[in-house]
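run-v8.cif, holding mmCIF, C-alpha atoms and all ligand atoms:
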data_run
#
loop_
_atom_site.label_atom_id
_atom_site.label_comp_id
_atom_site.auth_asym_id
_atom_site.auth_seq_id
_atom_site.Cartn_x
_atom_site.Cartn_y
_atom_site.Cartn_z
CA MET A 576 -10.19 20.01 -26.42
CA ASP A 577 -10.47 16.38 -27.54
CA LEU A 578 -8.36 15.13 -24.67
CA LEU A 579 -10.60 16.70 -22.08
CA ASP A 580 -13.78 15.45 -23.75
CA ASN A 581 -12.42 11.94 -24.03
CA ALA A 582 -11.22 11.99 -20.44
CA ILE A 583 -14.61 13.05 -19.13
CA LYS A 584 -16.47 10.51 -21.26
CA SER A 585 -14.19 7.70 -20.14
CA ILE A 586 -14.52 8.54 -16.43
CA GLN A 587 -18.30 8.90 -16.72
CA MET A 588 -18.55 5.54 -18.49
CA GLY A 589 -16.41 3.99 -15.76
CA ILE A 590 -18.69 5.37 -13.06
CA GLU A 591 -21.73 3.98 -14.89
CA ASP A 592 -20.03 0.57 -15.04
CA PHE A 593 -19.28 0.86 -11.34
CA GLU A 594 -22.91 1.63 -10.53
CA ASP A 595 -24.18 -1.36 -12.50
CA GLU A 596 -25.27 -4.43 -10.56
CA ASP A 597 -23.64 -6.74 -13.10
CA SER A 598 -20.25 -7.71 -11.68
CA LYS A 599 -18.87 -8.29 -15.19
CA ARG A 600 -18.91 -4.54 -15.70
CA ALA A 601 -16.51 -4.12 -12.80
CA ILE A 602 -13.59 -4.83 -15.12
CA SER A 603 -14.81 -2.27 -17.55
CA ALA A 604 -15.20 0.21 -14.67
CA VAL A 605 -11.53 -0.16 -13.75
CA ARG A 606 -10.38 0.17 -17.37
CA ASN A 607 -12.52 3.19 -18.14
CA ILE A 608 -11.75 5.12 -14.97
CA TYR A 609 -8.05 4.42 -15.33
CA SER A 610 -7.84 5.52 -18.94
CA GLY A 611 -9.96 8.58 -18.13
CA ASP A 612 -7.51 9.52 -15.37
CA LEU A 613 -4.57 9.27 -17.72
CA LEU A 614 -6.29 11.31 -20.39
CA LEU A 615 -7.15 14.01 -17.89
CA PHE A 616 -3.58 14.01 -16.70
CA LYS A 617 -2.35 14.37 -20.28
CA TYR A 618 -4.80 17.20 -20.82
CA PHE A 619 -3.31 18.94 -17.81
CA LEU A 620 0.21 18.46 -19.17
CA SER A 621 -0.55 19.67 -22.65
CA GLU A 622 -2.89 22.55 -21.85
CA LYS A 623 -2.53 23.73 -18.30
CA LEU A 624 1.08 23.30 -17.27
CA THR A 625 2.61 26.58 -16.11
CA ASP A 626 6.06 27.74 -17.22
CA GLU A 627 7.43 27.12 -13.74
CA GLU A 628 6.07 23.59 -13.73
CA PHE A 629 7.52 22.89 -17.15
CA TRP A 630 10.97 24.05 -16.06
CA ALA A 631 10.74 22.12 -12.82
CA LEU A 632 10.12 18.99 -14.90
CA LYS A 633 13.02 19.78 -17.23
CA LYS A 634 15.32 20.38 -14.28
CA ALA A 635 14.34 17.09 -12.63
CA GLY A 636 14.92 15.23 -15.89
CA ALA A 637 11.34 14.01 -15.95
CA VAL A 638 10.62 15.13 -19.54
CA GLN A 639 13.98 14.74 -21.23
CA ASN A 640 12.88 14.70 -24.85
CA SER A 641 10.51 17.63 -24.73
CA LYS A 642 11.62 20.95 -26.11
CA GLU A 643 8.27 22.55 -25.56
CA ARG A 644 5.31 21.96 -23.35
CA SER A 645 3.24 20.77 -26.25
CA ASP A 646 5.50 17.76 -26.90
CA ILE A 647 5.54 16.45 -23.37
CA ILE A 648 2.85 13.91 -23.96
CA PHE A 649 4.45 12.58 -27.13
CA LYS A 650 7.66 10.60 -27.15
CA LYS A 651 10.14 10.61 -30.04
CA ASP A 652 8.57 7.62 -31.74
CA ASN A 653 5.16 9.28 -31.56
CA ARG A 654 3.90 7.04 -28.82
CA THR A 655 2.29 8.95 -25.99
CA ILE A 656 3.96 8.84 -22.60
CA GLY A 657 3.30 5.87 -20.38
CA PHE A 658 2.74 5.09 -16.76
CA SER A 659 6.39 5.30 -15.65
CA ASP A 660 6.85 8.74 -17.26
CA LEU A 661 3.70 9.93 -15.57
CA ALA A 662 5.01 8.66 -12.26
CA LYS A 663 8.17 10.75 -12.64
CA ILE A 664 6.14 13.81 -13.55
CA CYS A 665 3.78 13.30 -10.62
CA HIS A 666 6.61 13.12 -8.13
CA VAL A 667 7.85 16.51 -9.27
CA LEU A 668 4.53 18.31 -9.56
CA PHE A 669 2.03 16.75 -7.19
CA LYS A 670 1.67 16.72 -3.45
CA GLU A 671 2.64 13.53 -1.69
CA GLY A 672 0.14 10.70 -1.73
CA VAL A 673 -1.76 11.71 -4.86
CA TRP A 674 0.19 9.43 -7.12
CA GLU A 675 -0.42 6.53 -4.75
CA ASN A 676 -4.08 6.70 -5.70
CA VAL A 677 -3.39 6.31 -9.40
CA LYS A 678 -0.80 3.64 -8.72
CA ALA A 679 -3.47 1.60 -6.95
CA LEU A 680 -5.75 1.94 -9.93
CA ASN A 681 -2.96 0.98 -12.33
CA LYS A 682 -2.23 -2.12 -10.28
CA ALA A 683 -5.89 -3.02 -10.33
CA ARG A 684 -6.02 -2.59 -14.08
CA ASN A 685 -3.01 -4.87 -14.52
CA ASP A 686 -4.56 -7.43 -12.20
CA VAL A 687 -7.71 -7.28 -14.27
CA GLU A 688 -5.76 -7.99 -17.45
CA HIS A 689 -3.59 -10.76 -16.01
CA HIS A 690 -5.08 -12.49 -13.02
CA TYR A 691 -8.59 -11.94 -11.93
CA SER A 692 -11.79 -12.21 -13.80
CA GLU A 693 -13.96 -10.79 -11.07
CA TYR A 694 -13.80 -8.18 -8.35
CA SER A 695 -15.34 -7.87 -4.96
CA PRO A 696 -17.63 -4.83 -4.71
CA GLY A 697 -15.58 -3.60 -1.73
CA PHE A 698 -12.42 -3.64 -3.76
CA LEU A 699 -14.03 -1.47 -6.41
CA CYS A 700 -15.24 0.94 -3.73
CA ARG A 701 -11.68 1.37 -2.55
CA LEU A 702 -10.51 2.16 -6.07
CA VAL A 703 -13.29 4.61 -6.68
CA SER A 704 -12.57 6.21 -3.33
CA ASN A 705 -8.88 6.49 -4.22
CA ASN A 706 -9.87 7.94 -7.51
CA PHE A 707 -12.03 10.59 -5.91
CA ALA A 708 -8.98 11.89 -4.06
CA PHE A 709 -6.90 11.95 -7.23
CA LEU A 710 -9.51 13.66 -9.37
CA LYS A 711 -10.35 16.19 -6.68
CA TYR A 712 -6.71 17.21 -6.50
CA LEU A 713 -6.11 17.24 -10.24
CA ILE A 714 -9.28 19.15 -11.13
CA GLU A 715 -9.40 21.61 -8.24
CA GLU A 716 -5.71 22.30 -7.68
CA LYS A 717 -4.12 21.75 -11.05
CA LEU A 718 -6.86 22.52 -13.56
CA GLU A 719 -8.42 25.09 -11.23
CA GLU A 720 -11.88 23.97 -12.20
CA ASP A 721 -14.98 22.78 -10.36
CA PRO A 722 -15.28 18.97 -10.52
CA ILE A 723 -19.07 19.24 -10.53
CA ILE A 724 -18.92 21.28 -13.72
CA ILE A 725 -16.20 19.14 -15.32
CA LEU A 726 -17.68 15.70 -14.56
CA GLY A 727 -21.32 16.53 -13.93
CA GLU A 728 -23.04 16.65 -10.55
CA LYS A 729 -24.47 13.14 -10.80
CA TYR A 730 -21.10 11.54 -11.48
CA TRP A 731 -19.19 13.63 -9.00
CA ASN A 732 -21.66 12.81 -6.24
CA ILE A 733 -21.28 9.07 -6.87
CA LEU A 734 -17.51 9.38 -6.41
CA LYS A 735 -17.93 11.57 -3.36
CA ASP A 736 -20.50 9.30 -1.68
CA THR A 737 -18.41 6.23 -2.36
CA GLU A 738 -15.43 7.87 -0.76
CA GLY A 739 -17.53 8.89 2.23
CA ASN A 740 -18.88 5.36 2.69
CA TYR A 741 -15.45 3.87 2.37
CA LYS A 742 -14.12 6.22 5.05
CA ILE A 743 -16.93 5.11 7.39
CA LEU A 744 -16.01 1.45 6.86
CA GLU A 745 -12.37 2.31 7.47
CA LYS A 746 -13.21 3.98 10.75
CA LYS A 747 -15.28 1.01 11.88
CA CYS A 748 -12.31 -1.28 11.26
CA ILE A 749 -9.90 0.96 13.14
CA ASN A 750 -12.30 1.17 16.09
CA SER A 751 -12.60 -2.61 16.29
CA LEU A 752 -8.82 -3.06 16.25
CA ASN A 753 -8.53 -0.46 19.00
CA GLN A 754 -10.42 -2.89 21.27
CA ILE A 755 -7.49 -5.29 21.16
CA GLN A 756 -4.64 -5.22 23.66
CA TRP A 757 -1.56 -5.04 21.47
CA TRP A 758 1.12 -6.18 23.87
CA ALA A 759 4.24 -5.14 21.95
CA PRO A 760 5.08 -1.68 20.60
CA SER A 761 5.84 -3.02 17.11
CA PHE A 762 2.21 -3.96 16.59
CA PHE A 763 1.32 -0.29 16.28
CA LYS A 764 3.71 0.11 13.36
CA LEU A 765 2.45 -3.03 11.71
CA ILE A 766 -1.32 -2.64 12.04
CA PRO A 767 -1.61 -0.16 9.13
CA TRP A 768 0.25 -2.75 7.03
CA PHE A 769 -2.12 -5.63 7.78
CA GLN A 770 -3.85 -6.68 4.61
CA CYS A 771 -6.18 -9.32 3.29
CA PRO A 772 -4.35 -11.68 0.90
CA GLU A 773 -7.21 -11.22 -1.55
CA PHE A 774 -6.86 -7.90 -3.43
CA SER A 775 -4.68 -6.52 -0.60
CA SER A 776 -7.44 -4.76 1.32
CA HIS A 777 -6.58 -2.94 4.54
CA LEU A 778 -10.16 -2.98 5.76
CA LEU A 779 -9.82 -5.62 8.46
CA GLU A 780 -11.94 -5.78 11.56
CA THR A 781 -12.41 -8.17 14.43
CA GLU A 782 -15.20 -9.09 16.79
CA GLU A 783 -12.73 -10.15 19.46
CA LYS A 784 -11.55 -8.19 22.45
CA GLY A 785 -8.64 -8.65 24.85
CA ASP A 786 -5.06 -9.71 24.19
CA PHE A 787 -3.89 -10.23 20.65
CA HIS A 788 -3.24 -13.88 19.74
CA ASN A 789 -2.30 -15.39 16.43
CA GLU A 790 -5.49 -17.46 16.08
CA MET A 791 -7.53 -14.29 16.19
CA LEU A 792 -9.97 -13.93 13.29
CA LEU A 793 -9.88 -10.80 11.18
CA GLY A 794 -12.73 -10.15 8.79
CA CYS A 795 -12.11 -8.39 5.51
CA SER A 796 -14.78 -5.77 4.88
CA GLU A 797 -14.07 -5.80 1.18
CA CYS A 798 -14.28 -9.46 0.21
CA GLY A 799 -15.87 -10.97 3.32
CA ASN A 800 -12.98 -13.39 3.95
CA LYS A 801 -12.17 -14.42 7.50
CA ILE A 802 -8.42 -14.63 8.05
CA HIS A 803 -6.43 -15.89 11.02
CA ALA A 804 -3.89 -13.38 12.26
CA TYR A 805 -1.02 -15.85 11.75
CA GLU A 806 -1.88 -15.96 8.04
CA ILE A 807 -0.93 -12.33 7.61
CA LEU A 808 1.46 -11.55 10.46
CA GLU A 809 4.64 -13.02 8.99
CA GLU A 810 4.04 -11.40 5.61
CA THR A 811 3.35 -8.06 7.28
CA VAL A 812 6.54 -8.25 9.35
CA SER A 813 8.52 -9.13 6.24
CA GLN A 814 7.07 -6.29 4.18
CA TYR A 815 7.39 -3.71 6.91
CA PHE A 816 10.93 -4.56 8.00
CA GLU A 817 12.34 -5.42 4.57
CA PRO A 818 13.91 -2.01 3.82
CA GLU A 819 15.34 -1.61 7.33
CA ASN A 820 16.69 -5.17 7.39
CA TYR A 821 18.29 -4.63 4.02
CA ILE A 822 20.05 -1.44 5.14
CA SER A 823 21.08 -2.85 8.51
CA VAL A 824 22.62 -6.03 7.06
CA ARG A 825 24.24 -4.13 4.21
CA TYR A 826 26.10 -1.92 6.66
CA GLY A 827 27.28 -4.82 8.78
CA GLY A 828 24.49 -4.77 11.36
CA ASP A 829 22.05 -7.48 12.36
CA SER A 830 18.64 -8.17 10.95
CA LEU A 831 15.86 -6.55 13.00
CA THR A 832 13.72 -9.66 12.79
CA GLY A 833 14.43 -13.34 13.34
CA ILE A 834 12.89 -16.79 13.15
CA CYS A 835 11.19 -17.65 16.42
CA PRO A 836 12.51 -20.95 17.90
CA GLU A 837 9.09 -21.62 19.37
CA CYS A 838 6.68 -21.14 16.45
CA GLN A 839 9.23 -21.12 13.58
CA LEU A 840 7.75 -17.98 12.05
CA GLU A 841 9.94 -15.04 11.19
CA THR A 842 8.08 -12.83 13.61
CA TYR A 843 10.67 -12.34 16.33
CA ILE A 844 11.22 -8.58 16.68
CA PHE A 845 14.50 -7.70 18.38
CA GLU A 846 13.64 -4.13 19.37
CA ASP A 847 10.72 -5.51 21.41
CA ASP A 848 12.61 -8.71 22.15
CA ILE A 849 9.52 -10.82 21.65
CA CYS A 850 7.84 -12.97 18.99
CA LEU A 851 4.70 -11.18 17.85
CA SER A 852 3.11 -14.40 16.77
CA CYS A 853 3.41 -16.61 19.86
CA GLY A 854 4.74 -14.23 22.52
CA TYR A 855 7.97 -16.21 23.02
CA LYS A 856 10.70 -14.19 24.73
CA ARG A 857 14.44 -14.99 24.87
CA LEU A 858 15.45 -16.46 28.22
CA TYR A 859 19.05 -15.30 27.89
CA THR A 860 20.21 -12.04 26.39
CA GLU A 861 23.78 -11.85 27.67
CA CYS A 862 26.46 -14.56 27.85
CA ALA A 863 27.36 -15.40 31.47
CA ARG A 864 31.01 -15.87 30.50
CA CYS A 865 31.94 -13.20 27.92
CA HIS A 866 28.92 -10.87 28.23
CA ASP A 867 28.30 -10.88 24.48
CA GLY A 868 24.72 -10.88 23.27
CA ILE A 869 22.98 -14.24 22.93
CA SER A 870 20.96 -14.69 19.77
CA ILE A 871 17.67 -16.56 19.56
CA GLU A 872 19.52 -19.48 17.93
CA GLU A 873 21.78 -19.77 21.01
CA GLN A 874 19.07 -20.11 23.63
CA ASP A 875 19.69 -23.84 24.17
CA PHE A 876 23.20 -23.30 25.52
CA GLY A 877 22.13 -22.64 29.10
CA GLY A 878 22.99 -18.94 29.17
CA LEU A 879 26.24 -19.07 27.18
CA CYS A 880 26.89 -17.78 23.68
CA GLY A 881 27.75 -20.34 21.01
CA TYR A 882 31.44 -19.59 21.23
CA CYS A 883 31.70 -19.99 25.02
CA TYR A 884 29.45 -23.03 24.95
CA ASN A 885 31.81 -24.76 22.51
CA LEU A 886 34.80 -23.85 24.66
CA CYS A 887 33.14 -25.32 27.74
CA ILE A 888 32.28 -28.59 26.00
CA LYS A 889 35.90 -28.94 24.91
CA ASP A 890 37.08 -28.38 28.52
CA ASP A 891 34.79 -31.19 29.71
ZN ZN A 901 -10.38 -9.33 1.41
ZN ZN A 902 6.94 -17.40 17.96
ZN ZN A 903 30.18 -15.94 25.54
#

Let's see the structure in the file written out as structure tokens.
Amino acid sequence: MDLLDNAIKSIQMGIEDFEDEDSKRAISAVRNIYSGDLLLFKYFLSEKLTDEEFWALKKAGAVQNSKERSDIIFKKDNRTIGFSDLAKICHVLFKEGVWENVKALNKARNDVEHHYSEYSPGFLCRLVSNNFAFLKYLIEEKLEEDPIIILGEKYWNILKDTEGNYKILEKKCINSLNQIQWWAPSFFKLIPWFQCPEFSSHLLETEEKGDFHNEMLLGCSECGNKIHAYEILEETVSQYFEPENYISVRYGGDSLTGICPECQLETYIFEDDICLSCGYKRLYTECARCHDGISIEEQDFGGLCGYCYNLCIKDD
């Protein structure tokens, strides 16, 4: 019963830290909520895991050293299981997306320890909102309990309201971005990946309307920063296309993105055949002599591919 008590106390303390005006307590909020989450998760593993769930974990190799349910949370050397073990377990037992919430909190906790001394209030709201989703799932679906009874009505309502407010902000941002004319199909894939460089917030909005351009200002609803679109576009393209580029090149294909000869950013998207940053389009796509494709690097050869261009110069 200790685990559950400690988990509840830790989460409640974290929520109190979160509610406090003093920004120094933000760090303590992240630490307390995170450790409370892990304790509650361990409580679930040690007390509430069903036989089917235990065998599913064994079968997936997620709890290799455990003979019985009761030793899942302890490793051989008597340390309790850590974040990576929990990740494996989550992937077997939990619905998709739930673990993402805890991962975000874990990242925040590491950032707190290593990089940042302070947090923007908006950033904390996102974490608390993420945490609401995780706790709701864990308590209602896995522990089969009422979160109001487990955490107390006051605490649960703070989490719930924060999540609600965060969702409203999110909607406001999406609505503002919907006012923009996104003139290439790839934008629609990339928009959900746009993020503020500070604390990686996705809550970006704009006061502009009309065609997208790379000088456009995006405001971060979490930290208040104003960011030019070109400051995040290249990074977003790189992050989004990285896995596909890797696979394509590995199997002998071409990269799906390229460096634009006009603006020098790696924001040329071949499937749209346009640079998302400056709108540059290739003049030539097919070699007039051999009908091979003409890359963006070969645009200066007057409609010939590099090979044919070199042949022609030699002939002259
Ligand atoms: Zn920000
Ligand atoms: Zn360009
Ligand atoms: Zn050619």

- Could you report the residues within 6 Å of ligand ZN 901 (chain A), using all atoms listed in the file, as a PyMOL selection string? chain A and resi 771+773+776+795+797-798+800

- Message: Please report the interatomic distance between CA of Cys862 in chain A and CA of Asp848 in chain A in Å with one decimal.
- Response: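 So the answer is 16.1 Å.
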
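For the pair CA of Leu615 in chain A and CA of Ile602 in chain A, the interatomic distance is 20.1 Å.
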
- Task: Pick out the residues no farther than 7 Å from ligand ZN 903 (chain A), counting only C-alpha atoms and all ligand atoms, and list them as an NGL selection string.
- Result: :A and (862-867 or 879-883)

Which residues of chain A have any atom within 7 Å of an atom in ligand ZN 902 (chain A) when counting only C-alpha atoms and all ligand atoms, and what is the closest pair of atoms for each, with the distance in Å to one decimal? Order the rows by chain and rising number and write it as a tab-separated table.
residue	atom	partner	partner_atom	distance
A:Cys835	CA	A:ZN902	ZN	4.5
A:Pro836	CA	A:ZN902	ZN	6.6
A:Glu837	CA	A:ZN902	ZN	4.9
A:Cys838	CA	A:ZN902	ZN	4.0
A:Gln839	CA	A:ZN902	ZN	6.2
A:Leu840	CA	A:ZN902	ZN	6.0
A:Thr842	CA	A:ZN902	ZN	6.4
A:Tyr843	CA	A:ZN902	ZN	6.5
A:Cys850	CA	A:ZN902	ZN	4.6
A:Leu851	CA	A:ZN902	ZN	6.6
A:Ser852	CA	A:ZN902	ZN	5.0
A:Cys853	CA	A:ZN902	ZN	4.1
A:Gly854	CA	A:ZN902	ZN	6.0
A:Tyr855	CA	A:ZN902	ZN	5.3

May I have the selected residues written with C-alpha atoms, as a PDB file, keeping the file's coordinate frame?
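Written out: part.pdb:
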ATOM      1  CA  CYS A 835      11.190 -17.650  16.420  1.00  0.00           C
ATOM      2  CA  PRO A 836      12.510 -20.950  17.900  1.00  0.00           C
ATOM      3  CA  GLU A 837       9.090 -21.620  19.370  1.00  0.00           C
ATOM      4  CA  CYS A 838       6.680 -21.140  16.450  1.00  0.00           C
ATOM      5  CA  GLN A 839       9.230 -21.120  13.580  1.00  0.00           C
ATOM      6  CA  LEU A 840       7.750 -17.980  12.050  1.00  0.00           C
ATOM      7  CA  THR A 842       8.080 -12.830  13.610  1.00  0.00           C
ATOM      8  CA  TYR A 843      10.670 -12.340  16.330  1.00  0.00           C
ATOM      9  CA  CYS A 850       7.840 -12.970  18.990  1.00  0.00           C
ATOM     10  CA  LEU A 851       4.700 -11.180  17.850  1.00  0.00           C
ATOM     11  CA  SER A 852       3.110 -14.400  16.770  1.00  0.00           C
ATOM     12  CA  CYS A 853       3.410 -16.610  19.860  1.00  0.00           C
ATOM     13  CA  GLY A 854       4.740 -14.230  22.520  1.00  0.00           C
ATOM     14  CA  TYR A 855       7.970 -16.210  23.020  1.00  0.00           C
TER      15      TYR A 855
END

- Message: If I take CA of Glu728 in chain A and CA of Lys747 in chain A, how far is one from the other in Å, to one decimal?
- Response: 28.4 Å

- Item | Residue list as a list in words for point (21.1, -14.5, 22.1), cut-off 10 Å, only C-alpha atoms |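 So the residues meeting the distance criterion are Arg857, Leu858, Tyr859, Thr860, Glu861, Cys862, Asp867, Gly868, Ile869, Ser870, Ile871, Glu872, Glu873, Gln874, Asp875, Phe876, Gly878, Leu879, Cys880 and Gly881 of chain A.
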
Next, write the just-selected residues to a file, as a PDB file, in the frame of the given file, keeping C-alpha atoms as the atom set.
ATOM      1  CA  ARG A 857      14.440 -14.990  24.870  1.00  0.00           C
ATOM      2  CA  LEU A 858      15.450 -16.460  28.220  1.00  0.00           C
ATOM      3  CA  TYR A 859      19.050 -15.300  27.890  1.00  0.00           C
ATOM      4  CA  THR A 860      20.210 -12.040  26.390  1.00  0.00           C
ATOM      5  CA  GLU A 861      23.780 -11.850  27.670  1.00  0.00           C
ATOM      6  CA  CYS A 862      26.460 -14.560  27.850  1.00  0.00           C
ATOM      7  CA  ASP A 867      28.300 -10.880  24.480  1.00  0.00           C
ATOM      8  CA  GLY A 868      24.720 -10.880  23.270  1.00  0.00           C
ATOM      9  CA  ILE A 869      22.980 -14.240  22.930  1.00  0.00           C
ATOM     10  CA  SER A 870      20.960 -14.690  19.770  1.00  0.00           C
ATOM     11  CA  ILE A 871      17.670 -16.560  19.560  1.00  0.00           C
ATOM     12  CA  GLU A 872      19.520 -19.480  17.930  1.00  0.00           C
ATOM     13  CA  GLU A 873      21.780 -19.770  21.010  1.00  0.00           C
ATOM     14  CA  GLN A 874      19.070 -20.110  23.630  1.00  0.00           C
ATOM     15  CA  ASP A 875      19.690 -23.840  24.170  1.00  0.00           C
ATOM     16  CA  PHE A 876      23.200 -23.300  25.520  1.00  0.00           C
ATOM     17  CA  GLY A 878      22.990 -18.940  29.170  1.00  0.00           C
ATOM     18  CA  LEU A 879      26.240 -19.070  27.180  1.00  0.00           C
ATOM     19  CA  CYS A 880      26.890 -17.780  23.680  1.00  0.00           C
ATOM     20  CA  GLY A 881      27.750 -20.340  21.010  1.00  0.00           C
TER      21      GLY A 881
END

- Minimum-distance residue to Ile743 in chain A, chosen among A:Lys670, A:Cys700, A:Ser585, A:Asp890 (using all atoms listed in the file):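 Among the listed residues, the smallest separation from Ile743 in chain A belongs to A:Cys700.
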
- Item | Point (-12.9, 2.1, -2.1) neighbourhood (9 Å, only C-alpha atoms) written as a ChimeraX atom specification | /A:696-706,737-738,740-742,797

I need the chosen residues saved as a short mmCIF file (atom, residue, chain, number, x, y, z; two decimals), keeping the file's coordinate frame, with C-alpha atoms.
data_model
loop_
_atom_site.label_atom_id
_atom_site.label_comp_id
_atom_site.auth_asym_id
_atom_site.auth_seq_id
_atom_site.Cartn_x
_atom_site.Cartn_y
_atom_site.Cartn_z
CA PRO A 696 -17.63 -4.83 -4.71
CA GLY A 697 -15.58 -3.60 -1.73
CA PHE A 698 -12.42 -3.64 -3.76
CA LEU A 699 -14.03 -1.47 -6.41
CA CYS A 700 -15.24 0.94 -3.73
CA ARG A 701 -11.68 1.37 -2.55
CA LEU A 702 -10.51 2.16 -6.07
CA VAL A 703 -13.29 4.61 -6.68
CA SER A 704 -12.57 6.21 -3.33
CA ASN A 705 -8.88 6.49 -4.22
CA ASN A 706 -9.87 7.94 -7.51
CA THR A 737 -18.41 6.23 -2.36
CA GLU A 738 -15.43 7.87 -0.76
CA ASN A 740 -18.88 5.36 2.69
CA TYR A 741 -15.45 3.87 2.37
CA LYS A 742 -14.12 6.22 5.05
CA GLU A 797 -14.07 -5.80 1.18
#

- Item | Nearby residues (only C-alpha atoms) at most 8 Å from Arg606 in chain A, same-chain spacing under 3 positions excluded, as a VMD selection string | chain A and resid 589 602 to 603 609 to 610 684

- Message: When you count all atoms listed in the file, which of these residues is closest to Glu782 in chain A: A:Gln756, A:Ser761, A:Ser751, A:Asn885?
- Response: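 Once distances to Glu782 in chain A are computed over all atoms listed in the file, the minimum belongs to A:Ser751.
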
- Using all atoms listed in the file, which of A:Ile656, A:Val667, A:Ile608, A:Leu632 sits nearest Asp592 in chain A?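 Checking each of A:Ile656, A:Val667, A:Ile608, A:Leu632 against Asp592 in chain A, counting all atoms listed in the file, the winner is A:Ile608.
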
Compile a residue-level contact table for range 647-748 of chain A against range 626-629 of chain A at a cut-off of 10 Å, reporting for every qualifying residue the shortest atom pair and its distance in Å to one decimal, with all atoms listed in the file counted, rows ordered by chain and ascending number, as CSV.
residue,atom,partner,partner_atom,distance
A:Ile647,CA,A:Phe629,CA,9.2
A:Ile664,CA,A:Glu628,CA,9.8
A:Val667,CA,A:Glu628,CA,8.6
A:Leu668,CA,A:Glu628,CA,6.9

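Comparing the minimum interatomic distances between Glu675 in chain A and each of A:Leu886, A:Ala601, A:Ala708, A:Leu793, counting only C-alpha atoms, we find that A:Ala708 sits nearest.
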
- Message: Calculated over all atoms listed in the file, which of the candidates A:Tyr821, A:Phe709, A:Trp630, A:Phe593 has the smallest distance to Asp612 in chain A?
- Response: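 Going through A:Tyr821, A:Phe709, A:Trp630, A:Phe593 one by one, the smallest distance to Asp612 in chain A is for A:Phe709.
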
- Query: Which neighbours of Leu779 in chain A fall inside 12 Å, counting all atoms listed in the file, when residues of the same chain fewer than 4 positions from it are skipped, and could you give them as a PyMOL selection string?
  - Reply: chain A and resi 697+744-753+766-773+775+791-804+807
